[in-house]
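Peer 1: Encoded as structure tokens, here's the structure I'll be asking about.
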Amino acid sequence: MKLRTLDGIDLRGKYVLLRDDFNVQIVDGKITEGFRIERSQPTIEFLRNAGARVAICSHLGRPKGTRDMKYSLRTVAEYMKLPLIEDCLDKSFMANMRDGDVVLLENVRFYAGEEANDAEFARMLADGFDLFVNDAFAVSHRAHASTVGVTKFLPSYAGLLLQSEIENLTNVMEKPTHPVLSIVAGSKVSTKIGVLRALARLSDVLIVGGALGTTFNFALGAPVGNSLYEPDMADNARDIMKYAAENNCRLLVPLDKGVGPVFEPNAPRTDKDLDNILPGDVIIDGGPKTAARDIDEIGRAATVIWNGTVGMAEWMPTWSFGSFAIARAIAENTRAGKLKSIVGGGDTVAALDACGVMDDITYVSTGGGAFLEFIEGRELPGIAVLKIQ
């Protein structure tokens with residue numbers, strides 16, 4: 001896939017609308033994890049050093065087209081030490097910009113026209129700029145005004161982060177080193193049917209975990225207690241298992257689970273084999289037998305793809321056991337040069353960060369939904385408009 005890039009473009013004095021994804025978690029007025037912000041810096045610095053005048057456009061949360069200040073980007077602006085322009089359609093700041101200046105525009109989702117990809121809103125957003133740069137892979141699966149609409153009004157290019165995402169994910173999908181192990185977890189089978197089938201074709205081994213894995217256990221007749229799962233997706237789970245077998249892919253389901261009496265961070269934990277799960281048990285994490293099996297499979301792999309924590313990893317330390325075991329095993333084997341690892345998804349990346357192993361992974365994607373859709377083989381609207389025809 002060839003994209004229009006900034007190579008050879010004279011940027012000095014040009015007004016650049018840069019789409020980044022700063023949809024970060026903010027707790028008590030503080031950013032708890034700045035991974036996406038940090039990954040955006042190379043493109044920002046490239047534009048700054050080239051003498052561009054840069055206005056960064058981003059979103060935070062789901063304000064639903066209203067000016068809900070709970071979702072203001074002010075905290076992000078302060079974190080990045082950038083001026084905040086309080087209305088993303090306000091252009092008055094441009095007259096005072098100098099070469100190399102960078103500002104952050106207020107949440108683009110304060111306008112309903114953003115998610116509706118409204119042409120008039122996109123025109124107003126693009127007005128006054130000389131070119132558009134998309135560096136927000138994580139939202140490029142959305143056909144919004146700030147990812148697709150503005151490209152109808154401005155010459156448009158891929159930023160350095162977007163290029164890196166496409167290159168790394170394309171390499172692992174088109175020419176992976178076998179054996180390939182994919183680990184997919186999360187809450188729902190219904191949202192991951194396509195990616196599970198795609199990974200069943202690509203992988204030698206496919207591990208399903210989390211509530212998604214619980215649905216697979218249910219489809220195989222195991223008790224699941226009072227837990228999160230999708231009983232109406234049992235047939236789909238069985239179809240995916242059959243499809244994996246037809247593609248010579250071993251599909252592995254959880255062997256045991258960490259359960260509690262209630263779905264709460266401080267619930268006492270008991271590890272149980274599947275047959276011992278009672279009607280009142282709530283599954284919250286993978287169990288030690290499953291973790292040992294997963295660690296063994298990671299040790300046999302040459303390429304690992306991971307998306308989705310296998311439990312409530314943020315409920316440390318009681319319920320992070322299964323996810324942290326996977327994170328540490330992937331990191332250890334990557335660090336030792338035994339495998340290449342690709343990890344994506346907000347919760348999964350947060351687990352890497354909590355374990356202190358982020359830097360040991362071959363490539364950590366900023367995308368969640370975009371990561372999955374790219375792997376599935378879907379065309380992402382925000383990337384399709386940047387392709388060289």
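By order in the structure tokens, chains are A, B, ...; within a chain, residues start at 1; ligands start at 1, following the order shown.
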Write down as an NGL selection string the residues of range 115-340 of chain A whose backbone DSSP state falls under helix (DSSP H, G or I).
Peer 2: :A and (115 or 119-126 or 137-139 or 149-152 or 160-174 or 193-202 or 210-219 or 231-246 or 274-276 or 288-300 or 321-335)
Peer 1: Range 184-198 of chain A: which residues within 8 Å, counting only C-alpha atoms, same-chain residues fewer than 5 positions away excluded, as a JSON list (two decimals) with C-alpha atoms, in the first residue's frame?
Peer 2:
```
[["chain", "number", "residue", "atom", "x", "y", "z"],
["A", 206, "LEU", "CA", -5.14, -19.00, 18.02],
["A", 207, "ILE", "CA", -5.84, -18.47, 21.73],
["A", 208, "VAL", "CA", -9.18, -16.96, 22.76],
["A", 209, "GLY", "CA", -9.53, -15.53, 26.26],
["A", 210, "GLY", "CA", -11.44, -13.16, 28.48],
["A", 211, "ALA", "CA", -15.22, -13.01, 28.24],
["A", 212, "LEU", "CA", -14.80, -13.92, 24.58],
["A", 213, "GLY", "CA", -13.15, -17.15, 25.72],
["A", 215, "THR", "CA", -18.42, -17.74, 25.29],
["A", 228, "LEU", "CA", -20.20, -12.01, 31.12],
["A", 229, "TYR", "CA", -20.62, -14.02, 27.91],
["A", 230, "GLU", "CA", -22.82, -14.17, 24.79],
["A", 233, "MET", "CA", -23.04, -16.44, 19.87],
["A", 236, "ASN", "CA", -20.72, -18.61, 15.81],
["A", 237, "ALA", "CA", -18.04, -19.75, 18.26],
["A", 240, "ILE", "CA", -15.00, -20.33, 14.17],
["A", 243, "TYR", "CA", -13.06, -22.81, 10.44],
["A", 244, "ALA", "CA", -9.78, -22.78, 12.39],
["A", 306, "TRP", "CA", -2.01, -9.91, 20.88],
["A", 307, "ASN", "CA", -5.20, -7.91, 21.28],
["A", 308, "GLY", "CA", -7.36, -7.87, 24.40],
["A", 309, "THR", "CA", -6.68, -8.58, 28.07],
["A", 310, "VAL", "CA", -7.83, -11.96, 29.40],
["A", 311, "GLY", "CA", -9.23, -10.45, 32.59],
["A", 372, "LEU", "CA", -8.50, -5.19, 14.46],
["A", 373, "GLU", "CA", -10.13, -3.94, 11.26],
["A", 375, "ILE", "CA", -5.87, -7.21, 10.52],
["A", 376, "GLU", "CA", -9.28, -8.34, 9.31],
["A", 377, "GLY", "CA", -8.44, -6.89, 5.91]]
```
Peer 1: Identify which of the residues A:Ala354, A:Lys70, A:Ser40, A:Val364 lies closest to Val27 in chain A, counting only C-alpha atoms when measuring atom-to-atom distances.
Peer 2: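 For Val27 in chain A, the nearest of the given residues is A:Lys70.
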Peer 1: So, with only C-alpha atoms as the atoms that count, which of A:Ile342, A:Val102, A:Ile183, A:Val357 lies closest to Asn168 in chain A?
Peer 2: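 Smallest distance to Asn168 in chain A is found for A:Ile342.
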Peer 1: Which one is closest to Pro42 in chain A: A:Leu162, A:Gly225, A:Pro261, A:Gly113? Count only C-alpha atoms.
Peer 2: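 Using only C-alpha atoms, Pro42 in chain A sits closest to A:Leu162.
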Peer 1: Which residues are close to Gly65 in chain A, i.e. within 12 Å by only C-alpha atoms, leaving aside same-chain residues fewer than 2 positions away? Reply as a list in words.
Peer 2: His59, Leu60, Gly61, Arg62, Pro63, Arg67, Asp68, Met69, Tyr71, Asn107, Val108, Arg109, Phe110, Tyr111, Ala112, Gly113, Glu114, Glu115, Ala116, Asn117 and Phe121 of chain A
Peer 1: Write out as a VMD selection string each polymer residue whose atoms come within 10 Å of Gly322 in chain A, counting only C-alpha atoms; drop sequence neighbours fewer than 3 positions from it.
Peer 2: chain A and resid 209 to 210 257 to 258 284 to 292 294 309 to 313 318 to 319 325 to 327
Peer 1: Excluding range 124-132 of chain A and residues on its chain fewer than 2 positions from it, collect all residues at most 6 Å away from it, counting only C-alpha atoms, and give them as a VMD selection string.
Peer 2: chain A and resid 14 to 18 89 121 to 122 150 154 to 156
Peer 1: Please give the complete set of residues from range 157-361 of chain A that DSSP, run on the backbone, assigns to strand (DSSP E or B), formatted as JSON, numbers by chain.
Peer 2: {"A": [157, 158, 180, 181, 182, 183, 184, 205, 206, 207, 208, 250, 251, 252, 256, 257, 258, 259, 260, 270, 271, 272, 273, 282, 283, 284, 285, 286, 303, 304, 305, 306, 307, 340, 341, 342, 343, 344]}
Peer 1: As an exercise, work out the distance from CA of Gly221 in chain A to CA of Phe263 in chain A in Å and give it to one decimal place.
Peer 2: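 Taking CA of Gly221 in chain A as the start and CA of Phe263 in chain A as the end point, the length is 22.7 Å.
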Peer 1: Leaving out Val282 in chain A and any residue of its chain fewer than 4 positions from it, which residues lie within 6 Å of it when counting only C-alpha atoms, given as a list in words?
Peer 2: Asn226, Ser227, Val259, Gly260, Pro261 and Val262 of chain A
Peer 1: How about saving the chosen residues, C-alpha atoms kept, as a PDB file, in the first residue's frame?
Peer 2:
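Done, and the output landed in part-v6.pdb:
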```
ATOM      1  CA  ASN A 226     -22.966 -15.671  36.554  1.00  0.00           C
ATOM      2  CA  SER A 227     -20.401 -14.267  34.137  1.00  0.00           C
ATOM      3  CA  VAL A 259     -13.654 -16.309  39.833  1.00  0.00           C
ATOM      4  CA  GLY A 260     -15.180 -14.152  42.552  1.00  0.00           C
ATOM      5  CA  PRO A 261     -18.580 -13.903  44.234  1.00  0.00           C
ATOM      6  CA  VAL A 262     -19.225 -10.478  42.641  1.00  0.00           C
TER       7      VAL A 262
END
```
Peer 1: Env of Leu339 in chain A: 6 Å cut, atoms = only C-alpha atoms, seq-sep filter 3 positions within chain, self excluded. Answer as a VMD selection string.
Peer 2: chain A and resid 302 to 303 334
Peer 1: Could those selected residues go to a file with C-alpha atoms, as an mmCIF file, in the first residue's frame?
Peer 2:
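Okay, this is what ended up in part.cif:
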```
data_model
loop_
_atom_site.group_PDB
_atom_site.id
_atom_site.type_symbol
_atom_site.label_atom_id
_atom_site.label_comp_id
_atom_site.auth_asym_id
_atom_site.auth_seq_id
_atom_site.Cartn_x
_atom_site.Cartn_y
_atom_site.Cartn_z
ATOM 1 C CA ALA A 302 8.162 -16.980 16.194
ATOM 2 C CA THR A 303 5.493 -14.281 15.792
ATOM 3 C CA THR A 334 10.963 -10.818 22.355
#
```
Peer 1: Which residue is closest to Leu202 in chain A? Choose from A:Asn96, A:Thr75, A:Thr366, A:Ser182 and count only C-alpha atoms.
Peer 2: A:Ser182
Peer 1: Using Å and a single decimal, report how far CA of Asp135 in chain A sits from CA of Thr5 in chain A.
Peer 2: 10.8 Å
Peer 1: Between CA of Glu45 in chain A and CA of Lys91 in chain A, what is the spacing in Å?
Peer 2: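 For CA of Lys91 in chain A relative to CA of Glu45 in chain A, the distance reads 22.3 Å.
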Peer 1: Using only C-alpha atoms, find the one residue out of A:Asp281, A:Asp204, A:Asp273, A:Asp20 that sits nearest to Ala245 in chain A.
Peer 2: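 Nearest to Ala245 in chain A: A:Asp204.
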